[in-house]
Amino acid sequence: MEILGIDIGGSGIKGAMVNIETGAMLTERYRIPTPSSRKPEDMAAVVAQIVTHFSYNGPIGLGFPSVIKKGICKSKGNLHKSWKGMNVVSLFEKHTKCKVVVNNDADAAASAEMAFGAGKNKDGFVMMITIGTGLGSGAFLNGKLIPNFELGQIPYKKYDKIESWASGAAKESEMLSFKIWAKRFNTFLHYVNLICAPDLIIIGGGTSKDWDRFSDELHIDVPIIPAEFLNNAGIIGAAVSVKNTYKELV
């Protein structure tokens, strides 16, 4: 079964057709920069553009960069403040004219890795950290998702949240070397270990494509491995979430 998966990020909105039985991406990824306003209507219009690009009219899976509960955005995250309290599902269904399933983006990425990638057949408490505009985190206990595990929101020193200091966006905006930035990210991982004590950490998101450039700087007492799908995990997991949520649609 082919489903359109869309990964909504702070810098780019990306989509592709996915085989939800195997996790294989069936098309090239199509990406449009996230509107600078990061406002709901502007971003929904971009999602509609991606749907049109694929000439698609079936159910859509969306990974969204904030806490989502029953289709409602509970925090603005790295987006415009007007997202908070919005019915995200209704907004995207209005713009795309398609049935939409929305999940937290890190949860979607982690779901892909647990089903088809680096986390497949891994038991215990597995966490996936996605490095991009923010720091997303997806958590699985014995194969079952614990949704909206947003550890990037932990306050840190003068920062309102630690992802403002240790994300991929922070690295770019401050023009940090991988070595210097990785020390920050390693501090974040120490907090993850202190708070959650996971059995395994999987690293994904846009910065994960440079795994070999920073992995030697990560030193915590937990196995750490890169995601197999790297920055495509969010797209794959978003598509698969349609099957998990609405079996009658597929």
# chains A, B, ... in the order shown; residues from 1 in each chain; ligands from 1
>>> select_by_dssp(residues="range 109-191 of chain A", states="helix (DSSP H, G or I)", output="PyMOL selection string")
chain A and resi 109-116+151-153+163-166+168-173+178-191
>>> closest_atom_pairs(of="range 104-192 of chain A", to="range 199-211 of chain A", cutoff="8 Å", atoms="only C-alpha atoms", output="tab-separated table")
residue	atom	partner	partner_atom	distance
A:Ala109	CA	A:Gly204	CA	7.9
A:Ala118	CA	A:Ile202	CA	7.3
A:Gly119	CA	A:Ile202	CA	7.6
A:Gly124	CA	A:Asp199	CA	6.2
A:Phe125	CA	A:Asp199	CA	5.3
A:Val126	CA	A:Leu200	CA	4.9
A:Met127	CA	A:Ile201	CA	4.9
A:Met128	CA	A:Ile202	CA	4.5
A:Ile129	CA	A:Ile203	CA	5.1
A:Thr130	CA	A:Gly205	CA	4.2
A:Ile131	CA	A:Gly205	CA	4.6
A:Gly132	CA	A:Gly206	CA	5.4
A:Gly168	CA	A:Thr207	CA	6.2
>>> closest_residue(among="A:Ala169, A:Tyr159, A:Val47, A:Ala112", to="Gly10 in chain A", atoms="only C-alpha atoms")
A:Ala169
>>> closest_residue(among="A:Tyr56, A:Asn142, A:His219, A:Thr133", to="Lys120 in chain A", atoms="only C-alpha atoms")
A:Asn142
>>> select_by_dssp(residues="range 25-211 of chain A", states="strand (DSSP E or B)", output="PyMOL selection string")
chain A and resi 25+30-33+60-64+68-69+72-73+87+100-104+125-131+135-141+144-146+156+159+200-204
>>> closest_residue(among="A:Asp7, A:Glu217, A:Glu2, A:Glu113", to="Trp181 in chain A", atoms="only C-alpha atoms")
A:Glu217
>>> closest_residue(among="A:Tyr30, A:Phe54, A:Phe140, A:Tyr191", to="Gln153 in chain A", atoms="only C-alpha atoms")
A:Tyr191
>>> closest_residue(among="A:Leu26, A:Ile50, A:Val222, A:Ile146", to="Asn104 in chain A", atoms="only C-alpha atoms")
A:Ile146
>>> atom_distance(atom1="CA of Trp165 in chain A", atom2="CA of Lys183 in chain A")
11.0 Å
>>> closest_residue(among="A:Ile224, A:Leu151, A:Val101, A:Ala233", to="Leu194 in chain A", atoms="only C-alpha atoms")
A:Leu151
>>> atom_distance(atom1="CA of Lys69 in chain A", atom2="CA of Asn87 in chain A")
9.5 Å
>>> residues_around(residues="Val100 in chain A", least_positions_apart="4", cutoff="10 Å", atoms="only C-alpha atoms", output="VMD selection string")
chain A and resid 58 to 62 71 88 to 94 96 242 246
>>> residues_around(residues="Ser36 in chain A", least_positions_apart="2", cutoff="10 Å", atoms="only C-alpha atoms", output="PDB file with N, CA and C atoms, in the first residue's frame")
ATOM      1  N   GLY A  10      11.131  22.837  10.948  1.00  0.00           N
ATOM      2  CA  GLY A  10      11.287  24.273  11.102  1.00  0.00           C
ATOM      3  C   GLY A  10      11.954  24.937   9.918  1.00  0.00           C
ATOM      4  N   SER A  11      12.741  24.161   9.127  1.00  0.00           N
ATOM      5  CA  SER A  11      13.420  24.742   7.966  1.00  0.00           C
ATOM      6  C   SER A  11      12.891  24.207   6.640  1.00  0.00           C
ATOM      7  N   PRO A  33      10.994  24.797   1.268  1.00  0.00           N
ATOM      8  CA  PRO A  33      11.381  25.475   2.513  1.00  0.00           C
ATOM      9  C   PRO A  33      10.159  25.877   3.336  1.00  0.00           C
ATOM     10  N   THR A  34      10.270  25.732   4.639  1.00  0.00           N
ATOM     11  CA  THR A  34       9.204  26.174   5.534  1.00  0.00           C
ATOM     12  C   THR A  34       9.058  27.688   5.434  1.00  0.00           C
ATOM     13  N   ARG A  38       6.267  30.822   9.546  1.00  0.00           N
ATOM     14  CA  ARG A  38       5.934  29.616  10.312  1.00  0.00           C
ATOM     15  C   ARG A  38       4.516  29.667  10.873  1.00  0.00           C
ATOM     16  N   LYS A  39       3.633  30.366  10.170  1.00  0.00           N
ATOM     17  CA  LYS A  39       2.239  30.477  10.597  1.00  0.00           C
ATOM     18  C   LYS A  39       1.408  29.336  10.003  1.00  0.00           C
ATOM     19  N   ASP A  42       0.101  29.559   6.200  1.00  0.00           N
ATOM     20  CA  ASP A  42       1.216  29.538   5.256  1.00  0.00           C
ATOM     21  C   ASP A  42       1.819  28.142   5.138  1.00  0.00           C
ATOM     22  N   MET A  43       1.974  27.463   6.273  1.00  0.00           N
ATOM     23  CA  MET A  43       2.561  26.127   6.254  1.00  0.00           C
ATOM     24  C   MET A  43       1.592  25.097   5.659  1.00  0.00           C
ATOM     25  N   LEU A  79       7.672  26.973  16.111  1.00  0.00           N
ATOM     26  CA  LEU A  79       6.801  27.583  15.116  1.00  0.00           C
ATOM     27  C   LEU A  79       6.183  28.882  15.653  1.00  0.00           C
ATOM     28  N   HIS A  80       5.244  29.445  14.927  1.00  0.00           N
ATOM     29  CA  HIS A  80       4.582  30.685  15.349  1.00  0.00           C
ATOM     30  C   HIS A  80       3.659  30.398  16.531  1.00  0.00           C
TER      31      HIS A  80
END
